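S.K.: Let me begin by handing over the structure; questions about it come next.
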Amino acid sequence: MTHLRPPVRSGRRRARSRRIAAVLAALAVTGTAAFGFGATAPAFAAGNTLTVNVGTTVRPVTHVAAGGLYGVDTGSTPPLSQLYPLHVNTFTQPPPGTQQLGNGATSPCCDGLQVAGKITAAGGQQYLRLPDVFSTFPYNWVSWADWESKIKTMITARVNATSTTNISGYEIWNEPDANWTTSTKNDPNAGSYLDMWTRTYRDIRAVDTLTPIIGPGASVYDHDFMLAFLTNAKNTNTLPSVAVWHELQDFSYQNVQAHVTDYRAIEDSLGLPHIPISINEYASPGQVDQPSIGVHYMASFERAGIANAERAYWYEAGTMDGLLYNNLPTASYWAYKWYGDQSGNVVQTVPQSYLDGVASYDASRKQVNVVFGGDSGSNTIKVNGLSGLGSQVSVQLSSTNTTGRMTNQAAPNAVSTTTYTVVNGSITVPVSNMDAVAAYQLLITPTTGATSYQQTYEAENATVVNAARLSSSTASNGGYVGRIDNSGDARTDSFVDFLVNVPTAKAYTMTIKYANATGATATQGLAYNGGGFSTVSYPPTTSGWGNPTGSVDVTVQLQAGYNMIRLAKGSPNYAGGTGYAELDSIRLQ
């Protein structure tokens, strides 16, 4: 598609961002509202169908798109109570000692080490964007001596933060394709970006040999730039652990799969292994606050196999990039909350025209959760593969408003609740009077026998730190978590954090499904809501690795609402477990 405005080149503009904000605030967002600053929406055609194939699994639910750039600040900006329902994944935050004054801010904010505890409590991980130690953007580079002094100070601060577990990587530079020469124009000795990458990579490794390094953080995906970057990184033994670039143009969600395909082809051509991909800034300033655009990115990232993605920081910090205003939900929040409610597996969705969505199926709850949007008028959602839910299902349809980042929406709009007869495993749901800017949810459950709250939590859906999500036909939901180890160092210790939501405060029996093929009892630590650790013992199982036939029961005293439960081989304030055990799921009753 032809873009409706020139491509945006950065996730943080100063005076320009404030001007954009002022203009957007004046736009009346109704019907076919503005899709991108200074552009009107395409002419949407009704009569489209989004097809959901419940029997075709895409990947485990991990809420890939639920992250933000400068999305979290200290204190109650935002409150944990608003983060929990989003099931956050990964953030990009500024480094320790940041002086960055983003988007007209009068004081620096959002230091990654200072917000680490809050992000961990919400179940999230984070990258530290190292050049945001500078006060301006483009960055006010001084000299190599100044930069290397800053690098040593920042990396040492992270290494000394021995209780911080959620730093997933250091981002060496932000948007080097757009601002490296601008940032270094006053230093003739700065050299090329590729030389800077190599030298800085080695500077980091001189202090910290463990924390991943990510890059290149390009402002747009470009084949030639990425090929040159990876070739240099291979030749200098400075390969990143995570590939990073931005998708900031209007409608750039349409390009995600093509960019991923091209990147994988470059890896293959250089004989490199496939590494995770992070889109650590996404959505243009005019689109980031439109609920349906968020849904488009969710769907695109899930299909393309993106590891994590962060909403762009165009306006205020600490607001989940516009999902909250005055710490309360905006319209877009509810699209992300529905996405956060997804559990089990992401299943296949087949879009038509601008109508798209992301869907999940939780076999333990017999629940299908479809989040969709992007077109106007009367359209249809066709859901196949529902035979396991019975002959009739209850379908709850909800919608968001179409207002932007400075208008709160207290709750989603309840549109209808309807009983459908399942015919040949399928239902067809008409959705009338759709707004192309709004997001919608279909929640499909059996008419009888549905659980009142989620009781089973799959390990592969949880926050997995320094361990691996693996697949097995004998594991519940088809997945489990293995390679759980400990080293005595918070940068590499392994644990799984389950964010659970229970209706009442009481003692719950927690059944842990696991595999232990060592032939001897293994142990892990159990803690919840920041409390002390107890020991869980896993007797050996005889069915082998990847075949979680074992189960143990423990008692946990949980509060009503959200609780964080950690099962750890290694963790701060825990001496470490023994042996090895793979985790399949937990069940609370």
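In the structure tokens, the first chain shown is A, the next is B, and so on; residue numbers restart at 1 for each chain, and ligands run from 1 in the order shown.
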Skip A:Gln392 itself and residues of its chain fewer than 4 positions away, then list as a list of chain:residue names all residues within 12 Å of it, counting only C-alpha atoms.

M.R.: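 Near A:Gln392, the qualifying residues are A:Leu386, A:Ser387, A:Gly388, A:Thr418, A:Thr419, A:Tyr420, A:Thr421, A:Val422, A:Val423, A:Asn424, A:Gly425, A:Ser426, A:Ile427, A:Ile444, A:Thr445, A:Pro446, A:Thr447, A:Thr448, A:Gly449.
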
S.K.: The selected residues should be written to file as a CSV table (one decimal), in the first residue's frame (atoms: C-alpha atoms).

M.R.:
```
chain,number,residue,atom,x,y,z
A,386,LEU,CA,-15.2,-25.4,17.7
A,387,SER,CA,-16.4,-29.0,18.1
A,388,GLY,CA,-14.7,-29.4,21.4
A,418,THR,CA,-25.7,-14.5,21.9
A,419,THR,CA,-26.0,-18.3,21.8
A,420,TYR,CA,-24.9,-19.9,18.5
A,421,THR,CA,-25.4,-23.5,17.4
A,422,VAL,CA,-22.2,-25.0,16.2
A,423,VAL,CA,-22.6,-26.5,12.7
A,424,ASN,CA,-19.8,-28.8,11.4
A,425,GLY,CA,-17.6,-27.3,14.1
A,426,SER,CA,-18.2,-23.7,12.9
A,427,ILE,CA,-20.1,-20.6,13.7
A,444,ILE,CA,-16.5,-17.8,22.8
A,445,THR,CA,-17.3,-20.3,25.6
A,446,PRO,CA,-19.5,-23.4,26.1
A,447,THR,CA,-23.0,-22.6,27.2
A,448,THR,CA,-22.5,-24.9,30.1
A,449,GLY,CA,-19.5,-26.1,32.0
```

S.K.: Considering only C-alpha atoms, give me a table of residues in stretch 127-231 of chain A that are at most 10 Å from stretch 112-123 of chain A, with the closest atom pair and distance in Å for each, as a tab-separated table.

M.R.:
```
residue	atom	partner	partner_atom	distance
A:Tyr127	CA	A:Gly112	CA	8.0
A:Leu128	CA	A:Gly112	CA	6.4
A:Arg129	CA	A:Gly112	CA	8.9
A:Ala157	CA	A:Leu113	CA	8.5
A:Arg158	CA	A:Leu113	CA	7.3
A:Ala161	CA	A:Leu113	CA	7.7
A:Ser163	CA	A:Gly117	CA	9.2
A:Thr164	CA	A:Ala116	CA	6.6
A:Thr165	CA	A:Thr120	CA	7.8
A:Asn166	CA	A:Thr120	CA	6.5
A:Ile167	CA	A:Ala116	CA	8.1
```

S.K.: Could you produce a table of the residues of stretch 311-389 of chain A lying within 6 Å of stretch 284-303 of chain A, with the nearest pair of atoms per residue and their separation in Å rounded to one decimal, using only C-alpha atoms, ordered by chain and increasing residue number, as JSON lines?

M.R.:
```
{"residue": "A:Ser332", "atom": "CA", "partner": "A:Pro291", "partner_atom": "CA", "distance": 4.4}
{"residue": "A:Gly357", "atom": "CA", "partner": "A:Ala299", "partner_atom": "CA", "distance": 5.6}
{"residue": "A:Val358", "atom": "CA", "partner": "A:Ala299", "partner_atom": "CA", "distance": 4.9}
{"residue": "A:Gly373", "atom": "CA", "partner": "A:Ser292", "partner_atom": "CA", "distance": 5.1}
{"residue": "A:Gly374", "atom": "CA", "partner": "A:Ser292", "partner_atom": "CA", "distance": 5.2}
```

S.K.: Would you write out those residues with C-alpha atoms, as a PDB file, in the first residue's frame?

M.R.:
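In the end it all went to selection19.pdb:
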```pdb
ATOM      1  CA  SER A 332      -6.736   1.393  23.214  1.00  0.00           C
ATOM      2  CA  GLY A 357      -7.302  -9.988  14.280  1.00  0.00           C
ATOM      3  CA  VAL A 358      -5.422 -12.196  16.713  1.00  0.00           C
ATOM      4  CA  GLY A 373     -10.819  -4.671  13.945  1.00  0.00           C
ATOM      5  CA  GLY A 374      -9.682  -2.516  11.057  1.00  0.00           C
TER       6      GLY A 374
END
```

S.K.: For A:Gly577, which residue among A:Gln126, A:Ala522, A:Tyr528, A:Met564 is the nearest when counting only C-alpha atoms?

M.R.: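 The closest residue to A:Gly577 is A:Ala522.
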
S.K.: Applying 6 Å and only C-alpha atoms, which residues near stretch 476-490 of chain A remain after dropping the ones on its own chain fewer than 5 positions away? List them as a PyMOL selection string.

M.R.: chain A and resi 165+459-460+467-471+569-570+582-584

S.K.: Could you write out the selected residues, including N, CA, C and O atoms, as a short mmCIF file (atom, residue, chain, number, x, y, z; two decimals), in the first residue's frame?

M.R.:
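Output file selection_28.cif is given in full below:
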```cif
data_model
loop_
_atom_site.label_atom_id
_atom_site.label_comp_id
_atom_site.auth_asym_id
_atom_site.auth_seq_id
_atom_site.Cartn_x
_atom_site.Cartn_y
_atom_site.Cartn_z
N THR A 165 16.81 -8.96 37.80
CA THR A 165 16.81 -10.17 36.97
C THR A 165 16.30 -9.94 35.56
O THR A 165 16.35 -10.86 34.74
N ALA A 459 3.17 -23.22 31.47
CA ALA A 459 4.49 -22.63 31.70
C ALA A 459 4.96 -21.85 30.49
O ALA A 459 5.58 -20.78 30.62
N GLU A 460 4.65 -22.34 29.28
CA GLU A 460 5.11 -21.65 28.08
C GLU A 460 4.39 -20.32 27.86
O GLU A 460 4.86 -19.48 27.08
N ALA A 467 15.54 -19.68 30.37
CA ALA A 467 15.14 -21.06 30.12
C ALA A 467 14.51 -21.08 28.73
O ALA A 467 14.51 -20.07 28.02
N ALA A 468 13.97 -22.23 28.32
CA ALA A 468 13.52 -22.37 26.94
C ALA A 468 12.09 -22.88 26.87
O ALA A 468 11.73 -23.82 27.57
N ARG A 469 11.29 -22.24 26.02
CA ARG A 469 9.98 -22.77 25.67
C ARG A 469 10.18 -23.86 24.63
O ARG A 469 10.78 -23.63 23.58
N LEU A 470 9.66 -25.04 24.90
CA LEU A 470 9.84 -26.20 24.03
C LEU A 470 8.49 -26.83 23.72
O LEU A 470 7.51 -26.58 24.44
N SER A 471 8.43 -27.63 22.68
CA SER A 471 7.17 -28.26 22.29
C SER A 471 7.24 -29.77 22.47
O SER A 471 8.31 -30.37 22.37
N LYS A 569 14.97 -22.26 39.60
CA LYS A 569 16.18 -23.05 39.88
C LYS A 569 17.21 -22.14 40.53
O LYS A 569 17.99 -22.56 41.38
N GLY A 570 17.20 -20.86 40.11
CA GLY A 570 18.05 -19.85 40.72
C GLY A 570 17.35 -18.52 40.72
O GLY A 570 16.61 -18.21 39.79
N GLU A 582 11.64 -30.13 34.30
CA GLU A 582 10.96 -29.33 33.29
C GLU A 582 9.55 -29.04 33.77
O GLU A 582 8.90 -29.90 34.39
N LEU A 583 9.05 -27.84 33.47
CA LEU A 583 7.74 -27.41 33.95
C LEU A 583 6.74 -27.40 32.80
O LEU A 583 6.99 -26.82 31.74
N ASP A 584 5.59 -28.01 33.06
CA ASP A 584 4.52 -28.07 32.07
C ASP A 584 3.43 -27.04 32.37
O ASP A 584 3.06 -26.23 31.52
#
```

S.K.: I need the residues in stretch 193-353 of chain A that are helix (DSSP H, G or I) according to DSSP; give them as a PyMOL selection string.

M.R.: chain A and resi 193-207+223-235+252-269+291-304+331-341

S.K.: Considering only C-alpha atoms, state which residue in the set A:Ser168, A:Thr417, A:Thr198, A:Ser364 is at the smallest distance from A:Val465.

M.R.: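 The answer is A:Ser168, which sits nearest to A:Val465.
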
S.K.: Counting only C-alpha atoms, figure out which residue out of A:Val142, A:Ala317, A:Val207, A:Ala307 gets nearest to A:Gly71.

M.R.: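 Among the listed residues, A:Ala317 lies closest to A:Gly71.
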
S.K.: Please indicate the distance in Å from atom CA of A:Thr509 to atom CA of A:Thr555, rounded to one decimal place.

M.R.: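 One can read the atom CA of A:Thr509 to atom CA of A:Thr555 distance as 4.7 Å.
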
S.K.: Report as a ChimeraX atom specification all protein, DNA and RNA residues lying within 8 Å of A:Thr474, evaluated on only C-alpha atoms, omitting residues in the same chain fewer than 3 positions from it.

M.R.: /A:478,546-548

S.K.: Which polymer residues have any atom within 10 Å of an atom of stretch 311-313 of chain A, counting only C-alpha atoms, with same-chain residues fewer than 4 positions away left out, as a tab-separated table (two decimals) with N, CA and C atoms, in the first residue's frame?

M.R.:
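For reference, part.tsv as written:
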```tsv
chain	number	residue	atom	x	y	z
A	10	SER	N	11.83	8.42	13.47
A	10	SER	CA	12.31	8.19	14.83
A	10	SER	C	11.19	8.01	15.80
A	11	GLY	N	11.46	7.28	16.87
A	11	GLY	CA	10.48	7.04	17.91
A	11	GLY	C	10.42	8.15	18.93
A	12	ARG	N	11.29	9.17	18.85
A	12	ARG	CA	11.23	10.24	19.83
A	12	ARG	C	11.62	11.55	19.14
A	13	ARG	N	10.66	12.37	18.86
A	13	ARG	CA	10.93	13.70	18.31
A	13	ARG	C	10.54	14.72	19.36
A	17	SER	N	7.19	16.44	17.94
A	17	SER	CA	6.20	15.58	18.59
A	17	SER	C	5.13	16.41	19.27
A	65	ALA	N	3.13	-8.27	21.66
A	65	ALA	CA	3.03	-6.83	21.39
A	65	ALA	C	2.84	-5.99	22.65
A	66	ALA	N	2.76	-6.63	23.82
A	66	ALA	CA	2.42	-5.92	25.06
A	66	ALA	C	3.67	-5.38	25.73
A	67	GLY	N	4.25	-4.36	25.14
A	67	GLY	CA	5.41	-3.69	25.71
A	67	GLY	C	5.45	-2.26	25.25
A	68	GLY	N	6.41	-1.51	25.77
A	68	GLY	CA	6.48	-0.10	25.41
A	68	GLY	C	7.87	0.47	25.56
A	69	LEU	N	8.13	1.53	24.83
A	69	LEU	CA	9.34	2.34	24.97
A	69	LEU	C	9.05	3.44	25.98
A	70	TYR	N	9.84	3.49	27.06
A	70	TYR	CA	9.58	4.43	28.15
A	70	TYR	C	8.16	4.26	28.68
A	71	GLY	N	7.65	3.04	28.63
A	71	GLY	CA	6.26	2.80	29.02
A	71	GLY	C	6.01	2.85	30.50
A	91	PHE	N	9.96	-4.29	27.67
A	91	PHE	CA	10.06	-2.83	27.55
A	91	PHE	C	11.45	-2.46	27.05
A	92	THR	N	11.55	-1.28	26.45
A	92	THR	CA	12.84	-0.64	26.23
A	92	THR	C	12.87	0.60	27.12
A	102	GLY	N	13.02	13.30	26.90
A	102	GLY	CA	12.18	12.90	25.79
A	102	GLY	C	10.92	13.72	25.66
A	103	ASN	N	10.60	14.11	24.42
A	103	ASN	CA	9.32	14.73	24.09
A	103	ASN	C	9.00	15.94	24.97
A	246	HIS	N	12.83	-0.98	13.87
A	246	HIS	CA	11.58	-0.29	14.16
A	246	HIS	C	10.62	-0.40	12.98
A	247	GLU	N	9.33	-0.36	13.30
A	247	GLU	CA	8.26	-0.32	12.29
A	247	GLU	C	7.37	0.87	12.63
A	248	LEU	N	7.72	2.04	12.09
A	248	LEU	CA	7.11	3.30	12.52
A	248	LEU	C	6.32	4.01	11.44
A	279	ILE	N	10.82	-5.90	17.63
A	279	ILE	CA	10.45	-4.62	17.01
A	279	ILE	C	10.25	-3.66	18.17
A	280	ASN	N	11.33	-3.00	18.58
A	280	ASN	CA	11.25	-2.29	19.86
A	280	ASN	C	10.77	-0.84	19.74
A	281	GLU	N	10.21	-0.49	18.59
A	281	GLU	CA	9.35	0.69	18.45
A	281	GLU	C	8.39	0.39	17.31
A	282	TYR	N	7.08	0.56	17.56
A	282	TYR	CA	6.13	0.35	16.46
A	282	TYR	C	4.96	1.33	16.57
A	283	ALA	N	4.43	1.67	15.40
A	283	ALA	CA	3.26	2.54	15.17
A	283	ALA	C	3.68	4.00	15.07
A	284	SER	N	3.10	4.68	14.10
A	284	SER	CA	3.38	6.09	13.85
A	284	SER	C	2.64	6.96	14.86
A	285	PRO	N	3.00	8.25	14.97
A	285	PRO	CA	2.35	9.11	15.97
A	285	PRO	C	0.85	9.27	15.78
A	288	VAL	N	-0.66	5.37	16.72
A	288	VAL	CA	-0.35	4.59	17.92
A	288	VAL	C	-1.51	4.54	18.90
A	289	ASP	N	-2.40	5.53	18.86
A	289	ASP	CA	-3.52	5.58	19.80
A	289	ASP	C	-4.83	5.09	19.19
A	294	GLY	N	-3.44	-1.04	16.85
A	294	GLY	CA	-2.79	-1.94	17.78
A	294	GLY	C	-3.09	-3.39	17.47
A	297	TYR	N	-1.04	-4.67	14.52
A	297	TYR	CA	0.34	-5.01	14.89
A	297	TYR	C	0.38	-6.32	15.68
A	317	ALA	N	5.88	9.86	28.84
A	317	ALA	CA	6.45	8.63	29.39
A	317	ALA	C	5.56	8.11	30.52
A	318	GLY	N	5.73	6.81	30.82
A	318	GLY	CA	5.05	6.21	31.96
A	318	GLY	C	3.56	6.01	31.78
A	319	THR	N	3.08	6.02	30.55
A	319	THR	CA	1.65	5.86	30.28
A	319	THR	C	1.35	4.61	29.46
A	320	MET	N	2.31	3.68	29.41
A	320	MET	CA	2.21	2.55	28.47
A	320	MET	C	1.97	3.10	27.07
A	321	ASP	N	2.66	4.22	26.80
A	321	ASP	CA	2.62	4.83	25.47
A	321	ASP	C	1.20	5.09	25.00
A	322	GLY	N	0.42	5.71	25.91
A	322	GLY	CA	-0.92	6.16	25.57
A	322	GLY	C	-2.03	5.21	25.92
A	323	LEU	N	-1.72	4.04	26.47
A	323	LEU	CA	-2.80	3.15	26.91
A	323	LEU	C	-3.46	3.66	28.18
```

S.K.: Which residue, A:Val370, A:Leu588, A:Ala520, A:Ala228, has the smallest gap to A:Val500 when you use only C-alpha atoms?

M.R.: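 Of A:Val370, A:Leu588, A:Ala520, A:Ala228, the one nearest A:Val500 is A:Leu588, counting only C-alpha atoms.
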
S.K.: Would you pick out the contacts of A:Tyr453 at 8 Å or less, using only C-alpha atoms, so that residues sharing its chain but fewer than 4 positions from it are not included, and give the list as a list in words?

M.R.: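 Once the nearby chain positions are removed, what remains is Asn501, Val502 and Pro503 of chain A.
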
S.K.: Given the selection you just returned, output its residues as a file containing N, CA, C and O atoms, formatted as a PDB file, in the first residue's frame.

M.R.:
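Now in result_26.pdb:
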```
ATOM      1  N   ASN A 501      -4.657 -14.952  38.390  1.00  0.00           N
ATOM      2  CA  ASN A 501      -5.750 -14.083  38.826  1.00  0.00           C
ATOM      3  C   ASN A 501      -6.821 -14.961  39.458  1.00  0.00           C
ATOM      4  O   ASN A 501      -7.458 -15.763  38.754  1.00  0.00           O
ATOM      5  N   VAL A 502      -7.027 -14.837  40.768  1.00  0.00           N
ATOM      6  CA  VAL A 502      -7.958 -15.720  41.482  1.00  0.00           C
ATOM      7  C   VAL A 502      -9.088 -14.891  42.096  1.00  0.00           C
ATOM      8  O   VAL A 502      -8.910 -13.710  42.419  1.00  0.00           O
ATOM      9  N   PRO A 503     -10.269 -15.487  42.267  1.00  0.00           N
ATOM     10  CA  PRO A 503     -11.444 -14.713  42.680  1.00  0.00           C
ATOM     11  C   PRO A 503     -11.480 -14.359  44.159  1.00  0.00           C
ATOM     12  O   PRO A 503     -12.086 -13.350  44.527  1.00  0.00           O
TER      13      PRO A 503
END
```

S.K.: Excluding A:Ala218 and its own-chain neighbours fewer than 4 positions away, which residues fall within 9 Å of it when counting only C-alpha atoms? Please give them as a ChimeraX atom specification.

M.R.: /A:173-178,222,225-226,244-246
